Amino acid sequence: MDMQIFLQQLINGASLGSMYALIAIGYTMVYGVLRLINFAHGDIMMVGAFLTYFGMESGLSFELAALLGIIGAAIVGILTDRIAYRPLRDAPKISLLITAIGISFFLENLFTVLFGATPKAFKAPEYITKVFHIGEIYLPISVIIIPTITLIILAIVLYILYKTKYGMAIRALAFDIKTVKLMGIDADKIIMIVFMIGSALAAIGGIFYAISYPSIDPLMGVIVGLKAFAAAVLGGIGSVTGAVIGGFILGFTEILVVALFPELGGYKDAFAFFFLILVLLFKPTGIMGQDLERGRF
Amino acid sequence: MKKVIYLILTLAYLAFVYYAKDMFDAYTLSILSNIGIFAILALSYNLINGTTGQFSLEPNGFVAIGAYITALLLIPAETKLDMFALTDPAPIVLKMHADFLPALLIGGVAAAFVALLLSFPVFRVRGDYLAIVTLGFGFIIRILAINNPEYTNGAMGLNDIPSYADFTWIGTIALITFVTMLHIVYSKFGRGMKAIRDDEDAAIAMGLNTFKLKTFAFMTSAFFEGVGGGLLASFLTTITPDQFSFLLTFQLLIIIVLGGLGSMSGTLVATILVMGGMEWLRFLDEDMVIFGIHTGAHPGMRMVVFSILLILMMLFARRGLFGDKELPEIIEELKEKFKKSSK
């Protein structure tokens with residue numbers, strides 16, 4: 001493979017990795033505070049993409065529609081926590097996991113019933129999809145915009161986590177939920193903020209997905225969600241930086257392996273899973289080296 | 001006395017299974033067979049999820065393994081040559097052949113072997129990895145089935161599978177599964193599994209090898225799911241990769257949650273309720289006329305109802321019908337209550 005194609009694939013990998021990273025942050029944060037694999041997280045991403053699509057269909061500009069999608073997904077995320085997860089805080093963990101599966105299935109089938117299972121074409125505005133070229137490399141602008149926005153968002157999330165009071169509360173919650181409650185912090189409110197941030201980021205990931213593969217369908221969140229979770233485990237579950245690193249590694253690997261060995265293209269969706277198995281076998285704590293049982297940020 | 005009752009019940013059930021062919025029409029028999037297959041799958045799923053308390057989402061993967069292997073063993077070589085449209089079948093696919101019962105067993109053993117391989121990464125660490133790895137595993141099996149047309153005929157799937165699995169076979173194997181599961185639950189192993197579910201640290205402190213126990217439960221579960229998959233393939237006579245989606249696992253999850261995680265008799269009752277309910281609620285997916293307005297067909301509506309049902313059960317009736325008890329224990333409890341209230 002010559003250098004130019006390699007560079008082009010590298011940039012594509014960064015764009016795909018950004019998407020995984022954004023979704024993985026939500027997984028890792030919710031896991032951090034609740035020790036819950038939020039199976040519905042991938043579907044929250046789908047909700048974000050669908051709301052954006054319908055915002056644009058009903059005449060809003062792309063930016064406003066995206067804002068609608070992000071806020072809508074954040075509300076759905078908060079609602080799932082409020083309605084389904086909060087009553088089960090003291091229940092056995094298996095109940096929580098089953099509820100999460102129920103929410104996931106509910107969202108997928110609700111959107112199938114409401115909008116049909118056929119994929120819908122997603123028309124992003126031209127200034128995002130326009131193709132430009134540097135020398136021989138031809139790329140849509142989106143592959144530059146997506147990683148840039150992701151890095152900015154990551155900086156904001158890290159700022160919130162490490163420089164604000166709320167961030168301190170989130171980290172404390174991940175450390176020991178009982179003590180935090182004794183300190184007079186409203187744990188439910190902090191968990192709500194975690195769901196809000198995670199869901200909003202997932203919606204942004206979903207919109208990026210819709211721009212890159214210009215179609216959306218009600219089951220789009222399943223595989224992407226699974227991959228993003230694998231990315232979170234790869235990076236070390238509970239660690240936000242780890243989730244981003246894991247997301248980018250997964251994105252690069254997927255793009256590069258398919259570019260180098262086209263015959264493996266059919267297995268593209270399986271790489272994340274093999275990564276997951278390898279990590280569990282050889283370094284269960286992931287790259288950032290946190291223990292699954294006591295995940296930290 | 002109890003043993004006599006159980007013996008009579010078993011014989012009566014077997015007689016029913018053997019004479020059902022002559023008593024019912026084809027539609028009723030197909031519903032009964034469906035319930036039988038789902039009972040086999042749900043019972044074995046409950047062993048790992050309920051009794052051992054290890055939340056896994058794998059049945060669709062193991063059912064697919066059992067179904068494909070059994071189907072390939074049953075279909076004659078000439079039929080395979082005609083059927084494989086995308087590429088020629090691999091030599092081993094043409095060579096493999098077995099009778100019905102050995103084919104089922106081989107399917108089960110293959111699934112159990114895969115479970116053994118999976119248990120190394122997932123049971124080495126504690127936590128919820130089992131759930132996500134097994135969920136991914138189901139997708140991988142589907143991807144493998146689609147991408148290896150020389151073994152599986154790709155997305156087109158296999159058809160013309162010899163139809164040996166009638167209600168007699170299915171009903172008998174369902175009984176065997178039920179009895180085996182009860183024996184395991186009440187054995188030394190079963191008590192160990194429950195100990196892991198209730199408090200893994202305490203179980204380790206008592207000197208239990210929890211890794212071995214979990215692997216044993218997982219493999220047993222996989223074996224029966226493989227056998228159930230083989231039955232399903234021969235019962236339906238046609239299988240495609242899309243049939244073994246997460247939907248299958250979701251249905252089984254609802255069944256075992258409704259019956260009570262860890263209760264085998266609860267699972268049986270719940271299988272009948274859920275499978276009957278699925279049949280009964282079929283109208284939800286179809287075109288309805290409400291106040292003269294056609295709603296149009298809504299495939300997926302039933303699943304919306306069932307997922308709401310699952311969430312509500314988790315919120316308000318977490319123990320399901322029987323909790324983790326078996327039917328005789330429930331009857332004893334009811335008797336006690338009745339005695340107390342009549343005094």
# chains A, B, ... in the order shown; residues from 1 in each chain; ligands from 1

$ residues_around --residues "stretch 93-100 of chain A" --least-positions-apart "6" --cutoff "7 Å" --atoms "only C-alpha atoms" --output "PyMOL selection string"
(chain A and resi 36-40+84-85) or (chain B and resi 55+311+314)

$ residues_around --residues "A:Val244" --least-positions-apart "4" --cutoff "7 Å" --atoms "only C-alpha atoms" --output "PyMOL selection string"
chain A and resi 21+25+240+248

$ write_last_selection --atoms "C-alpha atoms" --output "mmCIF file, in the first residue's frame"
data_model
loop_
_atom_site.group_PDB
_atom_site.id
_atom_site.type_symbol
_atom_site.label_atom_id
_atom_site.label_comp_id
_atom_site.auth_asym_id
_atom_site.auth_seq_id
_atom_site.Cartn_x
_atom_site.Cartn_y
_atom_site.Cartn_z
ATOM 1 C CA ALA A 21 -14.610 7.071 21.830
ATOM 2 C CA ILE A 25 -17.183 7.579 27.479
ATOM 3 C CA VAL A 240 -12.535 8.314 30.576
ATOM 4 C CA PHE A 248 -9.220 5.262 18.734
#

$ select_by_dssp --residues "stretch 61-220 of chain A" --states "alpha helix (DSSP H)" --output "MDAnalysis selection string"
chainID A and resid 62:80 93:115 126:129 142:163 165:175 177:182 187:212 220

$ write_last_selection --atoms "C-alpha atoms" --output "compact mmCIF listing (two decimals), in the first residue's frame"
# COMPACT_ATOMS: atom_id res chain seq x y z
CA PHE A 62 -28.61 20.83 10.60
CA GLU A 63 -27.12 22.62 13.62
CA LEU A 64 -30.48 23.12 15.34
CA ALA A 65 -31.55 19.57 14.54
CA ALA A 66 -28.30 18.24 15.99
CA LEU A 67 -28.88 20.28 19.13
CA LEU A 68 -32.39 18.85 19.33
CA GLY A 69 -30.96 15.33 18.94
CA ILE A 70 -28.37 15.86 21.66
CA ILE A 71 -30.82 17.38 24.14
CA GLY A 72 -33.46 14.77 23.30
CA ALA A 73 -31.02 11.91 23.83
CA ALA A 74 -29.87 13.44 27.12
CA ILE A 75 -33.49 13.60 28.28
CA VAL A 76 -34.12 9.99 27.24
CA GLY A 77 -30.95 8.99 29.10
CA ILE A 78 -32.04 10.79 32.26
CA LEU A 79 -35.52 9.27 31.97
CA THR A 80 -34.20 5.71 31.69
CA LYS A 93 -27.12 -6.35 40.04
CA ILE A 94 -28.66 -8.98 37.79
CA SER A 95 -32.02 -7.16 38.05
CA LEU A 96 -30.38 -3.95 36.94
CA LEU A 97 -28.78 -5.66 33.95
CA ILE A 98 -32.05 -7.29 32.90
CA THR A 99 -33.79 -3.92 33.14
CA ALA A 100 -31.09 -2.39 30.96
CA ILE A 101 -31.69 -5.11 28.35
CA GLY A 102 -35.41 -4.39 28.59
CA ILE A 103 -34.86 -0.67 27.96
CA SER A 104 -32.58 -1.43 25.03
CA PHE A 105 -35.11 -3.74 23.42
CA PHE A 106 -37.92 -1.32 24.14
CA LEU A 107 -36.17 1.58 22.38
CA GLU A 108 -35.18 -0.54 19.37
CA ASN A 109 -38.66 -1.93 18.86
CA LEU A 110 -40.45 1.32 19.63
CA PHE A 111 -38.48 3.09 16.92
CA THR A 112 -39.06 0.16 14.56
CA VAL A 113 -42.79 0.38 15.14
CA LEU A 114 -42.89 4.16 14.84
CA PHE A 115 -40.55 4.68 11.89
CA GLU A 126 -22.65 20.17 2.07
CA TYR A 127 -20.02 22.05 4.05
CA ILE A 128 -19.50 18.86 6.08
CA THR A 129 -19.56 16.27 3.32
CA SER A 142 -16.17 15.49 7.99
CA VAL A 143 -13.17 13.24 8.68
CA ILE A 144 -11.27 16.32 9.88
CA ILE A 145 -14.19 17.92 11.73
CA ILE A 146 -15.18 14.77 13.62
CA PRO A 147 -11.86 14.06 15.42
CA THR A 148 -11.38 17.77 16.12
CA ILE A 149 -14.77 18.13 17.78
CA THR A 150 -14.16 14.89 19.68
CA LEU A 151 -10.91 16.17 21.14
CA ILE A 152 -12.56 19.45 22.17
CA ILE A 153 -15.39 17.51 23.83
CA LEU A 154 -12.89 15.27 25.60
CA ALA A 155 -11.12 18.33 26.98
CA ILE A 156 -14.44 19.70 28.24
CA VAL A 157 -15.39 16.40 29.88
CA LEU A 158 -12.00 16.10 31.56
CA TYR A 159 -12.31 19.71 32.75
CA ILE A 160 -15.73 18.97 34.24
CA LEU A 161 -14.44 15.80 35.89
CA TYR A 162 -11.27 17.21 37.41
CA LYS A 163 -11.83 20.95 37.86
CA LYS A 165 -17.35 20.45 42.08
CA TYR A 166 -19.68 18.19 40.14
CA GLY A 167 -16.73 16.35 38.65
CA MET A 168 -15.30 15.84 42.10
CA ALA A 169 -18.65 14.45 43.23
CA ILE A 170 -18.76 12.07 40.25
CA ARG A 171 -15.29 10.79 41.02
CA ALA A 172 -16.15 10.43 44.68
CA LEU A 173 -19.28 8.49 43.74
CA ALA A 174 -17.20 6.10 41.66
CA PHE A 175 -14.99 5.61 44.68
CA ILE A 177 -21.27 5.62 46.94
CA LYS A 178 -22.20 5.17 50.63
CA THR A 179 -19.64 7.59 52.00
CA VAL A 180 -20.62 10.15 49.41
CA LYS A 181 -24.21 10.00 50.58
CA LEU A 182 -23.05 10.44 54.18
CA ALA A 187 -26.06 10.94 44.78
CA ASP A 188 -29.13 10.64 42.55
CA LYS A 189 -28.56 14.13 41.18
CA ILE A 190 -24.93 13.34 40.38
CA ILE A 191 -25.93 10.07 38.69
CA MET A 192 -28.45 12.06 36.67
CA ILE A 193 -25.65 14.35 35.51
CA VAL A 194 -23.58 11.32 34.53
CA PHE A 195 -26.45 9.97 32.42
CA MET A 196 -26.96 13.42 30.90
CA ILE A 197 -23.31 13.79 29.86
CA GLY A 198 -23.01 10.18 28.67
CA SER A 199 -26.21 10.32 26.62
CA ALA A 200 -25.38 13.68 25.07
CA LEU A 201 -21.97 12.36 24.00
CA ALA A 202 -23.58 9.20 22.62
CA ALA A 203 -25.96 11.37 20.58
CA ILE A 204 -23.00 13.32 19.16
CA GLY A 205 -21.41 9.96 18.29
CA GLY A 206 -24.66 8.92 16.66
CA ILE A 207 -24.82 12.07 14.55
CA PHE A 208 -21.21 11.51 13.46
CA TYR A 209 -22.15 7.95 12.54
CA ALA A 210 -25.10 9.21 10.51
CA ILE A 211 -22.84 11.68 8.67
CA SER A 212 -20.16 9.07 7.90
CA MET A 220 -27.82 0.90 14.30

$ closest_atom_pairs --of "chain B" --to "chain A" --cutoff "7 Å" --atoms "only C-alpha atoms" --output "tab-separated table"
residue	atom	partner	partner_atom	distance
B:Phe55	CA	A:Ile94	CA	6.4
B:Pro121	CA	A:Leu281	CA	4.9
B:Val122	CA	A:Leu280	CA	7.0
B:Val125	CA	A:Pro284	CA	6.9
B:Gly127	CA	A:Glu293	CA	6.6
B:Gly136	CA	A:Phe273	CA	6.1
B:Ile140	CA	A:Ala270	CA	6.0
B:Ile143	CA	A:Tyr267	CA	6.8
B:Asn147	CA	A:Gly266	CA	6.3
B:His298	CA	A:Val113	CA	5.4
B:Pro299	CA	A:Val113	CA	6.5
B:Gly300	CA	A:Asn109	CA	5.4
B:Met301	CA	A:Val113	CA	6.1
B:Met303	CA	A:Asn109	CA	6.4
B:Val304	CA	A:Phe106	CA	5.3
B:Ser307	CA	A:Gly102	CA	5.0
B:Ile308	CA	A:Phe106	CA	6.7
B:Leu310	CA	A:Gly102	CA	6.0
B:Ile311	CA	A:Thr99	CA	5.3
B:Met314	CA	A:Ser95	CA	6.1
B:Leu315	CA	A:Pro87	CA	6.9

$ residues_around --residues "B:Val114" --least-positions-apart "2" --cutoff "10 Å" --atoms "only C-alpha atoms" --output "PDB file with C-alpha atoms, in the first residue's frame"
ATOM      1  CA  GLY B  61     -25.175 -18.451  19.757  1.00  0.00           C
ATOM      2  CA  PHE B  62     -25.275 -21.958  21.184  1.00  0.00           C
ATOM      3  CA  ILE B  65     -24.181 -23.940  16.701  1.00  0.00           C
ATOM      4  CA  VAL B 109     -21.203 -31.408  22.544  1.00  0.00           C
ATOM      5  CA  ALA B 110     -19.956 -28.841  20.036  1.00  0.00           C
ATOM      6  CA  ALA B 111     -21.859 -26.075  21.829  1.00  0.00           C
ATOM      7  CA  ALA B 112     -20.500 -27.265  25.192  1.00  0.00           C
ATOM      8  CA  LEU B 116     -15.528 -24.259  27.574  1.00  0.00           C
ATOM      9  CA  LEU B 117     -13.390 -22.029  25.336  1.00  0.00           C
ATOM     10  CA  LEU B 118     -15.449 -18.951  26.260  1.00  0.00           C
ATOM     11  CA  SER B 119     -15.278 -19.662  29.966  1.00  0.00           C
ATOM     12  CA  MET B 219     -21.132 -26.068  29.595  1.00  0.00           C
ATOM     13  CA  ALA B 222     -24.638 -24.865  26.354  1.00  0.00           C
ATOM     14  CA  PHE B 223     -25.024 -28.607  25.749  1.00  0.00           C
TER      15      PHE B 223
END

$ atom_distance --atom1 "atom CA of A:Glu254" --atom2 "atom CA of A:Ser239"
22.2 Å

$ decode --residues "stretch 64-85 of chain B" --atoms "N, CA and C atoms" --output "short mmCIF file (atom, residue, chain, number, x, y, z; two decimals), in the first residue's frame"
data_model
loop_
_atom_site.label_atom_id
_atom_site.label_comp_id
_atom_site.auth_asym_id
_atom_site.auth_seq_id
_atom_site.Cartn_x
_atom_site.Cartn_y
_atom_site.Cartn_z
N ALA B 64 -27.62 -21.67 17.65
CA ALA B 64 -27.19 -21.65 16.26
C ALA B 64 -26.16 -22.74 15.99
N ILE B 65 -25.19 -22.90 16.90
CA ILE B 65 -24.18 -23.94 16.70
C ILE B 65 -24.85 -25.30 16.60
N GLY B 66 -25.72 -25.61 17.58
CA GLY B 66 -26.40 -26.90 17.58
C GLY B 66 -27.23 -27.07 16.32
N ALA B 67 -27.94 -26.03 15.92
CA ALA B 67 -28.83 -26.12 14.77
C ALA B 67 -28.04 -26.39 13.50
N TYR B 68 -26.95 -25.62 13.28
CA TYR B 68 -26.18 -25.79 12.05
C TYR B 68 -25.52 -27.16 11.99
N ILE B 69 -24.91 -27.59 13.11
CA ILE B 69 -24.20 -28.87 13.07
C ILE B 69 -25.18 -30.01 12.87
N THR B 70 -26.28 -30.00 13.60
CA THR B 70 -27.26 -31.06 13.43
C THR B 70 -27.79 -31.07 11.99
N ALA B 71 -28.10 -29.87 11.48
CA ALA B 71 -28.65 -29.80 10.13
C ALA B 71 -27.67 -30.37 9.12
N LEU B 72 -26.38 -29.98 9.24
CA LEU B 72 -25.39 -30.47 8.27
C LEU B 72 -25.20 -31.97 8.39
N LEU B 73 -25.36 -32.51 9.61
CA LEU B 73 -25.20 -33.96 9.78
C LEU B 73 -26.40 -34.71 9.19
N LEU B 74 -27.56 -34.08 9.19
CA LEU B 74 -28.77 -34.78 8.75
C LEU B 74 -28.98 -34.71 7.24
N ILE B 75 -28.62 -33.58 6.63
CA ILE B 75 -28.91 -33.41 5.20
C ILE B 75 -28.04 -34.35 4.38
N PRO B 76 -28.61 -35.11 3.45
CA PRO B 76 -27.81 -35.99 2.62
C PRO B 76 -26.89 -35.21 1.68
N ALA B 77 -25.77 -35.85 1.29
CA ALA B 77 -24.73 -35.16 0.52
C ALA B 77 -25.27 -34.61 -0.80
N GLU B 78 -26.13 -35.36 -1.51
CA GLU B 78 -26.62 -34.88 -2.82
C GLU B 78 -27.43 -33.61 -2.65
N THR B 79 -28.26 -33.59 -1.59
CA THR B 79 -29.06 -32.39 -1.33
C THR B 79 -28.15 -31.20 -1.08
N LYS B 80 -27.06 -31.43 -0.33
CA LYS B 80 -26.14 -30.32 -0.03
C LYS B 80 -25.57 -29.76 -1.33
N LEU B 81 -25.16 -30.68 -2.25
CA LEU B 81 -24.58 -30.22 -3.51
C LEU B 81 -25.57 -29.34 -4.26
N ASP B 82 -26.84 -29.72 -4.24
CA ASP B 82 -27.86 -28.92 -4.93
C ASP B 82 -28.09 -27.59 -4.23
N MET B 83 -28.04 -27.63 -2.90
CA MET B 83 -28.49 -26.48 -2.12
C MET B 83 -27.47 -25.35 -2.10
N PHE B 84 -26.18 -25.70 -1.94
CA PHE B 84 -25.16 -24.66 -1.77
C PHE B 84 -25.04 -23.86 -3.06
N ALA B 85 -25.53 -22.63 -3.01
CA ALA B 85 -25.63 -21.84 -4.22
C ALA B 85 -24.42 -20.95 -4.43
#
